[in-house]
Amino acid sequence: MRVRVSINRRAEIADPEGATVRRALHDLGFDEVGAVRMNRVIHLEVTGDDPGQVTSRVDEMCRRLLANPVLEDFEIEVLE
């Protein structure tokens with residue numbers, strides 16, 4: 001099954017990478033850009049026929065490796 005995991009830094013956590021991109025955009029003349037948040041999307045191919053079981057396994061992957069539960073939230077979407 002194809003799975004998409006969206007990992008987003010929590011709103012209350014500073015995003016230094018986003019701040020750097022914002023400064024660079026301003027330096028290039030894109031002054032209309034306000035805030036920038038850098039997040040990640042991970043695409044996985046996971047073996048299994050049961051979407052619930054696949055979601056459960058990917059949730060475990062996120063909690064153990066893919067996301068930092070202290071700084072980030074994640075959303076799992078089974079695509080097929």
# chains A, B, ... in the order shown; residues from 1 in each chain; ligands from 1

$ select_by_dssp --residues "chain A" --states "strand (DSSP E)" --output "VMD selection string"
chain A and resid 2 to 9 40 to 45 72 to 78

$ write_last_selection --atoms "N, CA and C atoms" --output "short mmCIF file (atom, residue, chain, number, x, y, z; two decimals), in the first residue's frame"
data_model
loop_
_atom_site.label_atom_id
_atom_site.label_comp_id
_atom_site.auth_asym_id
_atom_site.auth_seq_id
_atom_site.Cartn_x
_atom_site.Cartn_y
_atom_site.Cartn_z
N ARG A 2 0.42 2.26 -0.68
CA ARG A 2 1.12 3.54 -0.68
C ARG A 2 0.61 4.36 0.49
N VAL A 3 1.55 4.96 1.22
CA VAL A 3 1.20 5.75 2.39
C VAL A 3 1.95 7.07 2.32
N ARG A 4 1.24 8.15 2.67
CA ARG A 4 1.86 9.47 2.74
C ARG A 4 1.82 9.91 4.20
N VAL A 5 2.99 10.30 4.72
CA VAL A 5 3.10 10.80 6.09
C VAL A 5 3.50 12.27 6.01
N SER A 6 2.68 13.13 6.59
CA SER A 6 3.00 14.56 6.67
C SER A 6 3.48 14.84 8.08
N ILE A 7 4.68 15.39 8.18
CA ILE A 7 5.27 15.70 9.49
C ILE A 7 5.42 17.21 9.58
N ASN A 8 4.80 17.77 10.61
CA ASN A 8 4.77 19.22 10.77
C ASN A 8 5.32 19.62 12.13
N ARG A 9 6.19 20.60 12.12
CA ARG A 9 6.72 21.14 13.36
C ARG A 9 5.57 21.83 14.09
N ARG A 40 7.80 18.29 6.34
CA ARG A 40 8.25 17.16 5.53
C ARG A 40 7.06 16.29 5.12
N VAL A 41 7.20 15.68 3.95
CA VAL A 41 6.25 14.66 3.50
C VAL A 41 7.08 13.44 3.11
N ILE A 42 6.69 12.29 3.66
CA ILE A 42 7.39 11.03 3.37
C ILE A 42 6.41 10.10 2.68
N HIS A 43 6.83 9.53 1.56
CA HIS A 43 6.02 8.56 0.82
C HIS A 43 6.60 7.17 1.08
N LEU A 44 5.75 6.25 1.50
CA LEU A 44 6.18 4.88 1.81
C LEU A 44 5.39 3.88 0.98
N GLU A 45 6.03 2.79 0.62
CA GLU A 45 5.37 1.61 0.07
C GLU A 45 5.41 0.57 1.19
N GLU A 72 7.24 17.60 16.82
CA GLU A 72 6.47 17.47 15.58
C GLU A 72 5.19 16.67 15.78
N ASP A 73 4.20 17.01 14.96
CA ASP A 73 2.98 16.22 14.84
C ASP A 73 3.03 15.55 13.46
N PHE A 74 2.30 14.44 13.32
CA PHE A 74 2.28 13.78 12.02
C PHE A 74 0.88 13.31 11.68
N GLU A 75 0.66 13.17 10.38
CA GLU A 75 -0.63 12.69 9.85
C GLU A 75 -0.34 11.59 8.85
N ILE A 76 -1.06 10.50 8.94
CA ILE A 76 -0.86 9.35 8.07
C ILE A 76 -2.06 9.24 7.13
N GLU A 77 -1.76 9.07 5.85
CA GLU A 77 -2.82 8.91 4.84
C GLU A 77 -2.49 7.69 3.98
N VAL A 78 -3.34 6.67 4.06
CA VAL A 78 -3.19 5.49 3.20
C VAL A 78 -3.82 5.82 1.85
#

$ atom_distance --atom1 "CA of Glu80 in chain A" --atom2 "CA of Ala67 in chain A"
22.5 Å
